[in-house]
Each structure stands twice: as C-alpha cells, then as structure tokens.
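Chemist: Okay, handing you the structure first.
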Amino acid sequence: MTTRVFVYEYLSGGGWSDYGDDAAADELLPLGLSMRDAMVADLMRVADCSVSAAVCEPGNTLPAGAAPLRPLANESAFDFVARQSVLHDVVWLVAPETDGLLARFQRTVGNARWLGCSAGAIELTAGKKATLAHLAAHGVPTPLAFADAPEIQRWVVKPDDGAGGVATHVYTRHENALEDQARRTQAGITLTLEPWIEGEALSLSLLCTEQNAEMLSINRQCISIDSQGSLSFDGVSVDAVGRGDPRHQPLAELAMQVARAIPGLRGFAGIDLVWHPRHGPVVIEVNPRVTCAYVGLSAALGRNLAAELLADRGRGELAERELARADA
C-alpha cells in the first residue's frame, strides 16, 4: 500500500506573502527551500511512498519525481494545507513558531495525519521565555542561571517566538538592552532579554520516539554579530562534532533530559545551545520541527531519516489500534 505524503514548508509554499515581515521572509526563504528539498529527496527514496510538495516560489527546485502542488488563487495557507491534508495520508510540515503558525498548522492537519511534535510541545517551545523556565524547572541548564552572574558582559534581545537570527541584537551594556526591549515592546513585539552566553554555538539534531530521544548529530552553528550588534545566522555545519569528542556523551544525556522535560517532542527536533568553556552546555531554545541541520544529515549518517520517521509513525499507529482492540 502506497503512503501519500504531503510536504509543506511555509515560506516556499506561499506563506512568504503573508509573513508580514519582508526582510525576515527574504532571509528565511532560502533556508526553507533547502529543508523542503532535503525532506522531499529523502522521501523519494522510501519504498511505497508517493510525495507531493507545496510550490509557490519562482524557480522551483523541487526534486524530480515529486508532484508540485500550488494553492488556489486567494487561498490562505491554512485552507491550502487543510485541503491537501485530507488527500494525503501524512503531512510533514515546517513553519516558524512565530505568531503561533506551527501550532495552528498542527491543529489544522490534526493528529491522525501529522508527522511531528504534539500540539502541546509546539505551543510550549514557541515561547523562548516559557521554554527556558520550563527546562530550568526540570534541571536543564539555561541562560536563566546566569541572570545575576558577574561574568556576563553581553545581553541579547530577540523576539520571543522568532526564527533564526531575525531581529536579534546583542549589547555590551545592560541598559541599552533594556532600552531596546522597552522600545520594541511599545511597538507591540513580544521580546525576551537574556544574558549572552559565551562559548561555542552548537545545535543537536534529535530523532524522538515515544520511548527514546536519539541524538543524531552535534552541529556547529555559524553566527556573526556586526558592529551594530545585529546577529545573523549564517548556516550550520552538520555533524561537525564526532562521537570521539568528550562532549558527545554529556550532550546525548542533555538531549534525553530535554526530551523527558517535553514529552510531546516526536519525530525530528532540534536543540540550540552554547557550550560554555567552564559550565558546559547551556540550552538556548528547542525547535519542535525540522531545522536547517536536516539538510545533508541523512547522507552524513548513511541513514534515510525520512524512512525512519515514517516507520516510527507506523509503529505508533499499530500500537494505538492494538490498544483500542484490547479496550473494546
């Protein structure tokens, strides 16, 4: 039996016109395209799987063999996804958490067809402040532990539900960070102000199942800060820290600790962190979806991650059916 999978990446699927921030959309669209095409390429190598993907941007780069789908004229992103979801068995979707987009898409698709994290996990991790408070309460090291540390010399102000490095600024004076936060808050933007954690910027790619969270890779994030303090995300070096590195085991344990604290993490997820030279790993945020680190990861690991995600979903559906029969 063929599994029909619909891949939807928000910006390349047409959401760029609705995003409300042209500069942010321009910055994020190439990242979205690369994720979409990597997801589709992996799915195309799965047996008994037909793949459709949303296409709306000029110069379509969709891998050959996948069926391109476009929204109708004046059709909203949510109506488009709702219409396509009932025509497919599985929906694999990437969208920013900004303004509750990803959570709304999850509710639009529904649990039966959704490949990814639960609505609860998405809604929690959409807010950076709420995520850090939740993780800190579960013993996970976060920037909150450095709030009064005398060693802190820089502070970062960023959208509480932002993606990438969009609208993120780093300050060497706490007073200037507070002023920026107040100014942008008056403009209606929900922000978070945190101590800037010095160290190596890393991310973890996870494959989360109901019983386990496997750390697939440790990736090195490329981040730059210009003379005005504006932060830019310049990409990621996938699987950059090998298993022989002494940080591998503590980071694998951290991944499991985060997954236990947020049990709704399912499928592919990411953790952004900084490895502090003295304090070790400090979690910055959790991404309940495919991230840029997915691009090239299957090839790097010699595994088809899309196939594994679909297989785990199939096992979960079988277990639910068996449980329902036992309760009947």
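By convention here, the chains of the structure tokens are called A, B, ... in the order presented, each chain's residues are numbered starting at 1, and ligands are numbered starting at 1 in the order presented.
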Which neighbours of range 117-128 of chain A fall inside 7 Å, counting only C-alpha atoms, when residues of the same chain fewer than 4 positions from it are skipped, and could you give them as a PyMOL selection string?
Modeler: chain A and resi 97+103+106+132+160-161+262+264-267+285-289
Chemist: Output all heavy atoms for every residue in the selection just made, as a CSV table (one decimal), in the first residue's frame.
Modeler:
```csv
chain,number,residue,atom,x,y,z
A,97,GLU,N,7.6,29.1,14.4
A,97,GLU,CA,6.7,29.2,15.5
A,97,GLU,C,6.1,30.6,15.7
A,97,GLU,O,5.1,30.7,16.4
A,97,GLU,CB,7.5,28.8,16.8
A,97,GLU,CG,7.9,27.4,16.8
A,97,GLU,CD,9.3,27.1,16.3
A,97,GLU,OE1,9.7,27.9,15.3
A,97,GLU,OE2,10.0,26.3,16.8
A,103,ALA,N,1.9,25.8,15.5
A,103,ALA,CA,0.8,25.2,16.3
A,103,ALA,C,-0.5,25.2,15.6
A,103,ALA,O,-1.3,24.3,15.6
A,103,ALA,CB,0.7,25.9,17.6
A,106,GLN,N,-0.6,22.6,13.0
A,106,GLN,CA,-0.8,21.2,13.6
A,106,GLN,C,-2.3,21.0,13.9
A,106,GLN,O,-2.8,19.9,13.6
A,106,GLN,CB,0.0,21.1,14.9
A,106,GLN,CG,0.3,19.7,15.4
A,106,GLN,CD,-0.9,19.1,16.1
A,106,GLN,OE1,-1.8,19.7,16.6
A,106,GLN,NE2,-0.9,17.7,16.1
A,132,LEU,N,12.5,28.2,28.4
A,132,LEU,CA,13.6,28.2,29.4
A,132,LEU,C,13.2,28.0,30.8
A,132,LEU,O,13.8,27.3,31.6
A,132,LEU,CB,14.4,29.5,29.2
A,132,LEU,CG,15.1,29.8,27.9
A,132,LEU,CD1,15.9,31.1,27.9
A,132,LEU,CD2,16.0,28.6,27.5
A,160,ASP,N,10.4,36.8,21.1
A,160,ASP,CA,10.2,35.6,22.0
A,160,ASP,C,9.8,34.4,21.2
A,160,ASP,O,10.0,33.3,21.6
A,160,ASP,CB,9.1,35.9,23.0
A,160,ASP,CG,9.0,34.8,24.1
A,160,ASP,OD1,10.0,34.6,24.7
A,160,ASP,OD2,7.9,34.2,24.2
A,161,ASP,N,9.2,34.6,20.0
A,161,ASP,CA,8.8,33.5,19.2
A,161,ASP,C,9.4,33.5,17.8
A,161,ASP,O,8.9,33.0,16.8
A,161,ASP,CB,7.3,33.4,19.0
A,161,ASP,CG,6.7,34.6,18.3
A,161,ASP,OD1,7.4,35.6,18.0
A,161,ASP,OD2,5.4,34.7,18.1
A,262,ILE,N,10.0,17.6,27.9
A,262,ILE,CA,9.0,18.0,26.9
A,262,ILE,C,8.6,16.7,26.2
A,262,ILE,O,9.0,16.4,25.1
A,262,ILE,CB,9.5,19.0,25.9
A,262,ILE,CG1,10.2,20.2,26.7
A,262,ILE,CG2,8.4,19.5,25.0
A,262,ILE,CD1,10.9,21.2,25.7
A,264,GLY,N,6.1,15.7,24.5
A,264,GLY,CA,5.5,15.7,23.2
A,264,GLY,C,6.4,15.9,22.1
A,264,GLY,O,6.0,15.9,20.9
A,265,LEU,N,7.7,16.0,22.3
A,265,LEU,CA,8.7,16.0,21.2
A,265,LEU,C,8.6,14.7,20.5
A,265,LEU,O,8.7,13.6,21.1
A,265,LEU,CB,10.1,16.3,21.7
A,265,LEU,CG,10.4,17.6,22.3
A,265,LEU,CD1,11.8,17.7,22.7
A,265,LEU,CD2,10.1,18.8,21.3
A,266,ARG,N,8.4,14.7,19.2
A,266,ARG,CA,8.2,13.5,18.4
A,266,ARG,C,8.8,13.7,17.0
A,266,ARG,O,8.6,14.8,16.4
A,266,ARG,CB,6.8,13.1,18.3
A,266,ARG,CG,6.5,11.7,17.8
A,266,ARG,CD,7.0,10.6,18.8
A,266,ARG,NE,6.7,9.3,18.4
A,266,ARG,CZ,5.6,8.6,18.7
A,266,ARG,NH1,4.7,9.1,19.6
A,266,ARG,NH2,5.5,7.3,18.3
A,267,GLY,N,9.4,12.8,16.4
A,267,GLY,CA,10.0,12.9,15.1
A,267,GLY,C,11.3,13.7,15.2
A,267,GLY,O,12.1,13.5,16.1
A,285,GLU,N,17.3,27.3,23.1
A,285,GLU,CA,15.9,27.1,22.7
A,285,GLU,C,15.8,25.7,22.1
A,285,GLU,O,16.7,24.9,21.9
A,285,GLU,CB,15.5,28.1,21.7
A,285,GLU,CG,16.3,28.1,20.3
A,285,GLU,CD,15.8,29.1,19.4
A,285,GLU,OE1,16.1,30.3,19.6
A,285,GLU,OE2,15.1,28.8,18.4
A,286,VAL,N,14.5,25.3,22.0
A,286,VAL,CA,14.1,24.0,21.4
A,286,VAL,C,13.3,24.2,20.2
A,286,VAL,O,12.3,25.0,20.2
A,286,VAL,CB,13.4,23.1,22.4
A,286,VAL,CG1,13.0,21.8,21.8
A,286,VAL,CG2,14.3,22.9,23.7
A,287,ASN,N,13.6,23.5,19.1
A,287,ASN,CA,12.8,23.6,17.8
A,287,ASN,C,12.0,22.4,17.6
A,287,ASN,O,12.6,21.3,17.3
A,287,ASN,CB,13.8,23.9,16.7
A,287,ASN,CG,14.5,25.2,16.8
A,287,ASN,OD1,13.9,26.3,16.8
A,287,ASN,ND2,15.8,25.2,16.9
A,288,PRO,N,10.7,22.4,17.7
A,288,PRO,CA,9.9,21.2,17.6
A,288,PRO,C,9.5,20.9,16.1
A,288,PRO,O,8.3,20.7,15.8
A,288,PRO,CB,8.6,21.6,18.4
A,288,PRO,CG,8.5,23.1,18.1
A,288,PRO,CD,9.9,23.6,18.0
A,289,ARG,N,10.5,20.8,15.3
A,289,ARG,CA,10.3,20.6,13.8
A,289,ARG,C,11.6,20.4,13.2
A,289,ARG,O,12.7,20.4,13.8
A,289,ARG,CB,9.7,21.9,13.3
A,289,ARG,CG,10.5,23.2,13.6
A,289,ARG,CD,10.1,24.4,12.9
A,289,ARG,NE,10.8,25.6,13.5
A,289,ARG,CZ,12.0,25.9,13.2
A,289,ARG,NH1,12.8,25.2,12.4
A,289,ARG,NH2,12.6,27.0,13.8
```
Chemist: Under the rule that only C-alpha atoms are counted, which of A:Ala25, A:Ala130, A:Ala38, A:Val258 is the nearest residue to Val7 in chain A?
Modeler: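 Among A:Ala25, A:Ala130, A:Ala38, A:Val258, it is A:Ala38 that comes nearest to Val7 in chain A.
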Chemist: Would you please extract all alpha helix (DSSP H) residues from range 170-307 of chain A, as assigned by DSSP on the backbone, and give them as an mmCIF file with N, CA, C and O atoms, in the first residue's frame?
Modeler:
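Writing done, so here's part16.cif:
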```
data_model
loop_
_atom_site.group_PDB
_atom_site.id
_atom_site.type_symbol
_atom_site.label_atom_id
_atom_site.label_comp_id
_atom_site.auth_asym_id
_atom_site.auth_seq_id
_atom_site.Cartn_x
_atom_site.Cartn_y
_atom_site.Cartn_z
ATOM 1 N N HIS A 174 23.898 46.489 29.631
ATOM 2 C CA HIS A 174 22.575 46.008 30.009
ATOM 3 C C HIS A 174 21.517 47.092 29.825
ATOM 4 O O HIS A 174 20.384 46.822 29.425
ATOM 5 N N GLU A 175 21.921 48.347 30.113
ATOM 6 C CA GLU A 175 20.971 49.449 29.975
ATOM 7 C C GLU A 175 20.482 49.583 28.535
ATOM 8 O O GLU A 175 19.304 49.846 28.281
ATOM 9 N N ASN A 176 21.383 49.399 27.577
ATOM 10 C CA ASN A 176 20.990 49.510 26.169
ATOM 11 C C ASN A 176 20.057 48.373 25.770
ATOM 12 O O ASN A 176 19.129 48.568 24.978
ATOM 13 N N ALA A 177 20.295 47.194 26.312
ATOM 14 C CA ALA A 177 19.408 46.059 26.037
ATOM 15 C C ALA A 177 18.014 46.327 26.583
ATOM 16 O O ALA A 177 17.001 46.053 25.920
ATOM 17 N N LEU A 178 17.962 46.893 27.787
ATOM 18 C CA LEU A 178 16.655 47.216 28.386
ATOM 19 C C LEU A 178 15.921 48.276 27.567
ATOM 20 O O LEU A 178 14.696 48.204 27.382
ATOM 21 N N GLU A 179 16.660 49.252 27.071
ATOM 22 C CA GLU A 179 16.048 50.299 26.253
ATOM 23 C C GLU A 179 15.473 49.723 24.959
ATOM 24 O O GLU A 179 14.367 50.082 24.533
ATOM 25 N N ASP A 180 16.224 48.825 24.320
ATOM 26 C CA ASP A 180 15.739 48.194 23.082
ATOM 27 C C ASP A 180 14.494 47.366 23.366
ATOM 28 O O ASP A 180 13.500 47.419 22.618
ATOM 29 N N GLN A 181 14.537 46.618 24.459
ATOM 30 C CA GLN A 181 13.377 45.810 24.824
ATOM 31 C C GLN A 181 12.154 46.688 25.049
ATOM 32 O O GLN A 181 11.052 46.382 24.553
ATOM 33 N N ALA A 182 12.317 47.787 25.758
ATOM 34 C CA ALA A 182 11.184 48.685 26.043
ATOM 35 C C ALA A 182 10.654 49.320 24.763
ATOM 36 O O ALA A 182 9.435 49.404 24.551
ATOM 37 N N ARG A 183 11.572 49.745 23.886
ATOM 38 C CA ARG A 183 11.166 50.410 22.643
ATOM 39 C C ARG A 183 10.365 49.461 21.748
ATOM 40 O O ARG A 183 9.307 49.809 21.237
ATOM 41 N N ARG A 184 10.859 48.259 21.584
ATOM 42 C CA ARG A 184 10.168 47.312 20.696
ATOM 43 C C ARG A 184 8.910 46.742 21.347
ATOM 44 O O ARG A 184 7.953 46.398 20.653
ATOM 45 N N THR A 185 8.909 46.648 22.657
ATOM 46 C CA THR A 185 7.698 46.187 23.348
ATOM 47 C C THR A 185 6.566 47.188 23.147
ATOM 48 O O THR A 185 5.409 46.798 22.945
ATOM 49 N N GLN A 186 6.893 48.481 23.182
ATOM 50 C CA GLN A 186 5.878 49.507 22.938
ATOM 51 C C GLN A 186 5.300 49.397 21.531
ATOM 52 O O GLN A 186 4.154 49.780 21.291
ATOM 53 N N HIS A 248 30.432 14.531 23.556
ATOM 54 C CA HIS A 248 29.362 13.759 22.930
ATOM 55 C C HIS A 248 28.436 13.127 23.973
ATOM 56 O O HIS A 248 27.204 13.257 23.889
ATOM 57 N N GLN A 249 28.986 12.436 24.939
ATOM 58 C CA GLN A 249 28.144 11.753 25.925
ATOM 59 C C GLN A 249 27.328 12.719 26.775
ATOM 60 O O GLN A 249 26.110 12.524 26.935
ATOM 61 N N PRO A 250 27.923 13.789 27.334
ATOM 62 C CA PRO A 250 27.080 14.719 28.106
ATOM 63 C C PRO A 250 25.995 15.378 27.256
ATOM 64 O O PRO A 250 24.902 15.661 27.758
ATOM 65 N N LEU A 251 26.258 15.609 25.981
ATOM 66 C CA LEU A 251 25.230 16.204 25.133
ATOM 67 C C LEU A 251 24.124 15.203 24.809
ATOM 68 O O LEU A 251 22.949 15.575 24.723
ATOM 69 N N ALA A 252 24.479 13.934 24.648
ATOM 70 C CA ALA A 252 23.448 12.909 24.452
ATOM 71 C C ALA A 252 22.558 12.806 25.684
ATOM 72 O O ALA A 252 21.334 12.645 25.576
ATOM 73 N N GLU A 253 23.159 12.912 26.867
ATOM 74 C CA GLU A 253 22.382 12.882 28.103
ATOM 75 C C GLU A 253 21.501 14.129 28.213
ATOM 76 O O GLU A 253 20.349 14.045 28.674
ATOM 77 N N LEU A 254 22.016 15.275 27.786
ATOM 78 C CA LEU A 254 21.225 16.505 27.801
ATOM 79 C C LEU A 254 20.025 16.375 26.871
ATOM 80 O O LEU A 254 18.914 16.804 27.213
ATOM 81 N N ALA A 255 20.236 15.794 25.696
ATOM 82 C CA ALA A 255 19.130 15.605 24.749
ATOM 83 C C ALA A 255 18.018 14.782 25.373
ATOM 84 O O ALA A 255 16.826 15.112 25.247
ATOM 85 N N MET A 256 18.379 13.713 26.066
ATOM 86 C CA MET A 256 17.373 12.880 26.723
ATOM 87 C C MET A 256 16.684 13.639 27.852
ATOM 88 O O MET A 256 15.465 13.515 28.052
ATOM 89 N N GLN A 257 17.444 14.454 28.575
ATOM 90 C CA GLN A 257 16.866 15.246 29.665
ATOM 91 C C GLN A 257 15.826 16.230 29.124
ATOM 92 O O GLN A 257 14.751 16.393 29.703
ATOM 93 N N VAL A 258 16.130 16.884 28.003
ATOM 94 C CA VAL A 258 15.182 17.817 27.391
ATOM 95 C C VAL A 258 13.945 17.071 26.901
ATOM 96 O O VAL A 258 12.813 17.531 27.086
ATOM 97 N N ALA A 259 14.145 15.918 26.278
ATOM 98 C CA ALA A 259 13.009 15.150 25.766
ATOM 99 C C ALA A 259 12.101 14.679 26.897
ATOM 100 O O ALA A 259 10.868 14.654 26.741
ATOM 101 N N ARG A 260 12.672 14.326 28.032
ATOM 102 C CA ARG A 260 11.845 13.920 29.174
ATOM 103 C C ARG A 260 11.074 15.119 29.727
ATOM 104 O O ARG A 260 9.943 14.978 30.197
ATOM 105 N N ALA A 261 11.685 16.306 29.664
ATOM 106 C CA ALA A 261 11.014 17.507 30.161
ATOM 107 C C ALA A 261 9.887 17.942 29.231
ATOM 108 O O ALA A 261 8.923 18.579 29.668
ATOM 109 N N LEU A 297 21.852 15.651 6.371
ATOM 110 C CA LEU A 297 22.110 14.801 7.533
ATOM 111 C C LEU A 297 21.956 13.317 7.209
ATOM 112 O O LEU A 297 22.734 12.488 7.683
ATOM 113 N N SER A 298 20.953 12.961 6.404
ATOM 114 C CA SER A 298 20.789 11.546 6.038
ATOM 115 C C SER A 298 22.046 11.025 5.351
ATOM 116 O O SER A 298 22.526 9.919 5.642
ATOM 117 N N ALA A 299 22.592 11.811 4.433
ATOM 118 C CA ALA A 299 23.808 11.399 3.734
ATOM 119 C C ALA A 299 24.989 11.303 4.693
ATOM 120 O O ALA A 299 25.802 10.371 4.622
ATOM 121 N N ALA A 300 25.090 12.264 5.611
ATOM 122 C CA ALA A 300 26.204 12.268 6.559
ATOM 123 C C ALA A 300 26.174 11.043 7.463
ATOM 124 O O ALA A 300 27.223 10.499 7.823
ATOM 125 N N LEU A 301 24.969 10.604 7.823
ATOM 126 C CA LEU A 301 24.824 9.471 8.749
ATOM 127 C C LEU A 301 24.718 8.138 8.027
ATOM 128 O O LEU A 301 24.801 7.075 8.668
ATOM 129 N N LEU A 305 16.556 9.334 7.120
ATOM 130 C CA LEU A 305 15.805 9.754 8.301
ATOM 131 C C LEU A 305 14.311 9.837 8.024
ATOM 132 O O LEU A 305 13.501 9.550 8.908
ATOM 133 N N ALA A 306 13.937 10.198 6.817
ATOM 134 C CA ALA A 306 12.514 10.251 6.480
ATOM 135 C C ALA A 306 11.884 8.868 6.590
ATOM 136 O O ALA A 306 10.762 8.718 7.099
ATOM 137 N N ALA A 307 12.592 7.857 6.127
ATOM 138 C CA ALA A 307 12.079 6.487 6.228
ATOM 139 C C ALA A 307 11.905 6.082 7.688
ATOM 140 O O ALA A 307 10.916 5.434 8.052
#
```
Chemist: Counting only C-alpha atoms, which residues in range 9-74 of chain A sit no more than 10 Å from range 225-237 of chain A? For each one, give the nearest pair of atoms and the distance in Å, sorted by chain then residue number, as CSV.
Modeler:
```
residue,atom,partner,partner_atom,distance
A:Glu27,CA,A:Phe233,CA,9.3
A:Leu28,CA,A:Phe233,CA,9.9
A:Leu31,CA,A:Gly235,CA,8.6
```
Chemist: Output N, CA and C atoms for every residue in the selection just made, as a tab-separated table (two decimals), in the first residue's frame.
Modeler:
```tsv
chain	number	residue	atom	x	y	z
A	27	GLU	N	15.14	36.53	4.31
A	27	GLU	CA	16.25	35.85	5.00
A	27	GLU	C	15.97	34.37	5.20
A	28	LEU	N	14.72	34.04	5.49
A	28	LEU	CA	14.37	32.66	5.85
A	28	LEU	C	14.01	31.79	4.65
A	31	LEU	N	16.51	29.14	3.44
A	31	LEU	CA	16.60	28.06	4.42
A	31	LEU	C	15.41	27.13	4.29
```
Chemist: So how far away is CA of Phe6 in chain A from CA of Ala163 in chain A, in Å?
Modeler: 23.0 Å
Chemist: Could you name the residues that touch Tyr10 in chain A at 10 Å or less, counting only C-alpha atoms, but leaving out those on the same chain fewer than 4 positions away, as a PDB file with N, CA, C and O atoms, in the first residue's frame?
Modeler:
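Output contents, as saved in result.pdb:
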```
ATOM      1  N   GLY A  14       4.207  29.499  -0.213  1.00  0.00           N
ATOM      2  CA  GLY A  14       3.368  30.673  -0.442  1.00  0.00           C
ATOM      3  C   GLY A  14       3.198  31.559   0.760  1.00  0.00           C
ATOM      4  O   GLY A  14       2.684  32.676   0.649  1.00  0.00           O
ATOM      5  N   GLY A  15       3.634  31.098   1.932  1.00  0.00           N
ATOM      6  CA  GLY A  15       3.451  31.886   3.145  1.00  0.00           C
ATOM      7  C   GLY A  15       4.291  33.147   3.192  1.00  0.00           C
ATOM      8  O   GLY A  15       4.014  34.043   3.988  1.00  0.00           O
ATOM      9  N   TRP A  16       5.321  33.234   2.326  1.00  0.00           N
ATOM     10  CA  TRP A  16       6.165  34.436   2.330  1.00  0.00           C
ATOM     11  C   TRP A  16       5.340  35.695   2.078  1.00  0.00           C
ATOM     12  O   TRP A  16       5.665  36.761   2.583  1.00  0.00           O
ATOM     13  N   ASP A  18       2.370  36.240   3.154  1.00  0.00           N
ATOM     14  CA  ASP A  18       1.537  36.517   4.315  1.00  0.00           C
ATOM     15  C   ASP A  18       2.353  36.756   5.584  1.00  0.00           C
ATOM     16  O   ASP A  18       1.785  37.054   6.634  1.00  0.00           O
ATOM     17  N   TYR A  19       3.678  36.607   5.492  1.00  0.00           N
ATOM     18  CA  TYR A  19       4.501  36.572   6.694  1.00  0.00           C
ATOM     19  C   TYR A  19       4.485  37.885   7.457  1.00  0.00           C
ATOM     20  O   TYR A  19       4.599  37.912   8.672  1.00  0.00           O
ATOM     21  N   LEU A  29      13.587  32.400   3.529  1.00  0.00           N
ATOM     22  CA  LEU A  29      13.123  31.604   2.391  1.00  0.00           C
ATOM     23  C   LEU A  29      14.176  30.627   1.865  1.00  0.00           C
ATOM     24  O   LEU A  29      13.858  29.453   1.642  1.00  0.00           O
ATOM     25  N   GLY A  32      14.219  27.706   4.096  1.00  0.00           N
ATOM     26  CA  GLY A  32      13.021  26.897   3.926  1.00  0.00           C
ATOM     27  C   GLY A  32      13.095  26.019   2.699  1.00  0.00           C
ATOM     28  O   GLY A  32      12.721  24.834   2.727  1.00  0.00           O
ATOM     29  N   LEU A  33      13.571  26.567   1.596  1.00  0.00           N
ATOM     30  CA  LEU A  33      13.705  25.794   0.365  1.00  0.00           C
ATOM     31  C   LEU A  33      14.655  24.615   0.548  1.00  0.00           C
ATOM     32  O   LEU A  33      14.381  23.504   0.089  1.00  0.00           O
ATOM     33  N   ARG A  36      12.876  21.927   2.641  1.00  0.00           N
ATOM     34  CA  ARG A  36      11.840  21.246   1.867  1.00  0.00           C
ATOM     35  C   ARG A  36      12.444  20.246   0.891  1.00  0.00           C
ATOM     36  O   ARG A  36      12.017  19.089   0.813  1.00  0.00           O
ATOM     37  N   ALA A  54       4.348  21.444  -1.630  1.00  0.00           N
ATOM     38  CA  ALA A  54       3.861  22.779  -1.964  1.00  0.00           C
ATOM     39  C   ALA A  54       4.954  23.559  -2.683  1.00  0.00           C
ATOM     40  O   ALA A  54       6.110  23.569  -2.260  1.00  0.00           O
ATOM     41  N   VAL A  55       4.567  24.217  -3.758  1.00  0.00           N
ATOM     42  CA  VAL A  55       5.489  25.007  -4.562  1.00  0.00           C
ATOM     43  C   VAL A  55       4.802  26.318  -4.902  1.00  0.00           C
ATOM     44  O   VAL A  55       3.693  26.328  -5.424  1.00  0.00           O
ATOM     45  N   CYS A  56       5.462  27.417  -4.594  1.00  0.00           N
ATOM     46  CA  CYS A  56       4.865  28.706  -4.932  1.00  0.00           C
ATOM     47  C   CYS A  56       5.911  29.723  -5.339  1.00  0.00           C
ATOM     48  O   CYS A  56       5.596  30.729  -5.954  1.00  0.00           O
ATOM     49  N   ALA A  77      -2.947  29.992   3.373  1.00  0.00           N
ATOM     50  CA  ALA A  77      -2.040  28.875   3.641  1.00  0.00           C
ATOM     51  C   ALA A  77      -2.742  27.777   4.436  1.00  0.00           C
ATOM     52  O   ALA A  77      -2.563  26.584   4.158  1.00  0.00           O
ATOM     53  N   PHE A  78      -3.559  28.150   5.391  1.00  0.00           N
ATOM     54  CA  PHE A  78      -4.230  27.151   6.226  1.00  0.00           C
ATOM     55  C   PHE A  78      -5.301  26.403   5.445  1.00  0.00           C
ATOM     56  O   PHE A  78      -5.457  25.186   5.600  1.00  0.00           O
ATOM     57  N   VAL A  81      -3.433  23.912   3.151  1.00  0.00           N
ATOM     58  CA  VAL A  81      -2.944  22.743   3.893  1.00  0.00           C
ATOM     59  C   VAL A  81      -4.107  21.848   4.312  1.00  0.00           C
ATOM     60  O   VAL A  81      -4.031  20.612   4.220  1.00  0.00           O
ATOM     61  N   LEU A  93       5.355  18.966   7.817  1.00  0.00           N
ATOM     62  CA  LEU A  93       5.243  20.409   7.647  1.00  0.00           C
ATOM     63  C   LEU A  93       6.304  21.144   8.450  1.00  0.00           C
ATOM     64  O   LEU A  93       6.618  20.764   9.580  1.00  0.00           O
ATOM     65  N   VAL A  94       6.827  22.191   7.836  1.00  0.00           N
ATOM     66  CA  VAL A  94       7.781  23.081   8.515  1.00  0.00           C
ATOM     67  C   VAL A  94       7.245  24.499   8.440  1.00  0.00           C
ATOM     68  O   VAL A  94       6.872  24.971   7.357  1.00  0.00           O
ATOM     69  N   ALA A  95       7.175  25.168   9.578  1.00  0.00           N
ATOM     70  CA  ALA A  95       6.753  26.564   9.618  1.00  0.00           C
ATOM     71  C   ALA A  95       7.389  27.215  10.834  1.00  0.00           C
ATOM     72  O   ALA A  95       7.724  26.537  11.814  1.00  0.00           O
ATOM     73  N   PRO A  96       7.580  28.531  10.807  1.00  0.00           N
ATOM     74  CA  PRO A  96       8.088  29.213  12.001  1.00  0.00           C
ATOM     75  C   PRO A  96       7.076  29.106  13.149  1.00  0.00           C
ATOM     76  O   PRO A  96       5.866  29.003  12.925  1.00  0.00           O
ATOM     77  N   LEU A 101       2.157  30.090  14.279  1.00  0.00           N
ATOM     78  CA  LEU A 101       1.918  29.479  12.967  1.00  0.00           C
ATOM     79  C   LEU A 101       2.009  27.962  13.013  1.00  0.00           C
ATOM     80  O   LEU A 101       1.106  27.261  12.538  1.00  0.00           O
ATOM     81  N   LEU A 102       3.105  27.433  13.541  1.00  0.00           N
ATOM     82  CA  LEU A 102       3.295  25.988  13.521  1.00  0.00           C
ATOM     83  C   LEU A 102       2.209  25.277  14.317  1.00  0.00           C
ATOM     84  O   LEU A 102       1.672  24.243  13.881  1.00  0.00           O
ATOM     85  N   PHE A 105      -1.001  25.219  12.317  1.00  0.00           N
ATOM     86  CA  PHE A 105      -0.954  24.213  11.258  1.00  0.00           C
ATOM     87  C   PHE A 105      -1.172  22.811  11.833  1.00  0.00           C
ATOM     88  O   PHE A 105      -1.847  21.975  11.217  1.00  0.00           O
TER      89      PHE A 105
END
```
Chemist: Near Ile152 in chain A, counting only C-alpha atoms, which residues have an atom at most 8 Å away, once you skip same-chain residues fewer than 2 positions from it, shown as a PyMOL selection string?
Modeler: chain A and resi 146+149-150+154-155+195-197
Chemist: I need the residues from that last selection saved to file as a compact mmCIF listing (two decimals), in the first residue's frame (with N, CA and C atoms), if you can.
Modeler:
```txt
# COMPACT_ATOMS: atom_id res chain seq x y z
N PHE A 146 22.26 32.40 34.66
CA PHE A 146 23.32 33.41 34.59
C PHE A 146 22.80 34.82 34.78
N ALA A 149 24.94 36.62 37.19
CA ALA A 149 26.36 36.25 37.20
C ALA A 149 27.24 37.44 36.85
N PRO A 150 28.24 37.75 37.66
CA PRO A 150 29.10 38.92 37.38
C PRO A 150 29.92 38.76 36.11
N ARG A 154 27.63 40.62 28.07
CA ARG A 154 26.77 40.95 26.93
C ARG A 154 25.36 40.40 27.18
N TRP A 155 24.39 41.04 26.54
CA TRP A 155 22.99 40.64 26.67
C TRP A 155 22.36 40.60 25.28
N PRO A 195 20.90 36.94 29.28
CA PRO A 195 22.36 37.05 29.27
C PRO A 195 22.91 36.35 28.02
N TRP A 196 23.90 36.94 27.40
CA TRP A 196 24.55 36.31 26.27
C TRP A 196 25.58 35.31 26.81
N ILE A 197 25.42 34.06 26.44
CA ILE A 197 26.30 33.01 26.95
C ILE A 197 27.48 32.86 26.00
```
Chemist: From the set A:Leu207, A:Ala64, A:Val5, A:Leu69, which residue has the shortest atom-to-atom contact distance to Ser50 in chain A, counting only C-alpha atoms?
Modeler: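 Selected residue with least distance to Ser50 in chain A: A:Val5.
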Chemist: Please, what distance in Å, to one decimal, runs between CA of Ile271 in chain A and CA of Val290 in chain A?
Modeler: 10.9 Å
Chemist: Give the answer as one residue: which of A:Gly65, A:Gly164, A:Gly116, A:Pro281 has the shortest atom-to-atom distance to Thr209 in chain A, using only C-alpha atoms?
Modeler: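 Counting only C-alpha atoms, the residue closest to Thr209 in chain A is A:Gly116.
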Chemist: Could you pull out the strand (DSSP E) residues of range 82-281 of chain A from DSSP and send them as number ranges by chain?
Modeler: A: 90-94, 155-159, 169-171, 191-195, 200-208, 213-225, 231-237, 267-276, 280-281
Chemist: Hey, which of A:Leu115, A:Asn219, A:Val241, A:Pro71 ends up closest to Gly296 in chain A? Count only C-alpha atoms.
Modeler: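 Comparing A:Leu115, A:Asn219, A:Val241, A:Pro71 against Gly296 in chain A, the winner is A:Asn219.
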Chemist: Using only C-alpha atoms for the distances, tell me which of A:Val282, A:Gln221, A:Leu204, A:Ala147 is nearest to Ala269 in chain A.
Modeler: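 For Ala269 in chain A, the nearest of the given residues is A:Leu204.
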Chemist: Any idea what the distance is between CA of Pro143 in chain A and CA of Lys129 in chain A?
Modeler: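 CA of Pro143 in chain A sits 10.2 Å away from CA of Lys129 in chain A.
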Chemist: Using only C-alpha atoms for the distances, tell me which of A:Val109, A:Ala66, A:Leu191, A:Leu43 is nearest to Arg83 in chain A.
Modeler: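 Closest to Arg83 in chain A of all the choices is A:Val109.
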Chemist: Please identify all polymer residues within 10 Å of Ser85 in chain A, counting only C-alpha atoms, omitting same-chain residues fewer than 2 positions from it, and present them as a PyMOL selection string.
Modeler: chain A and resi 4-7+79-83+87-92+108-110+113-114
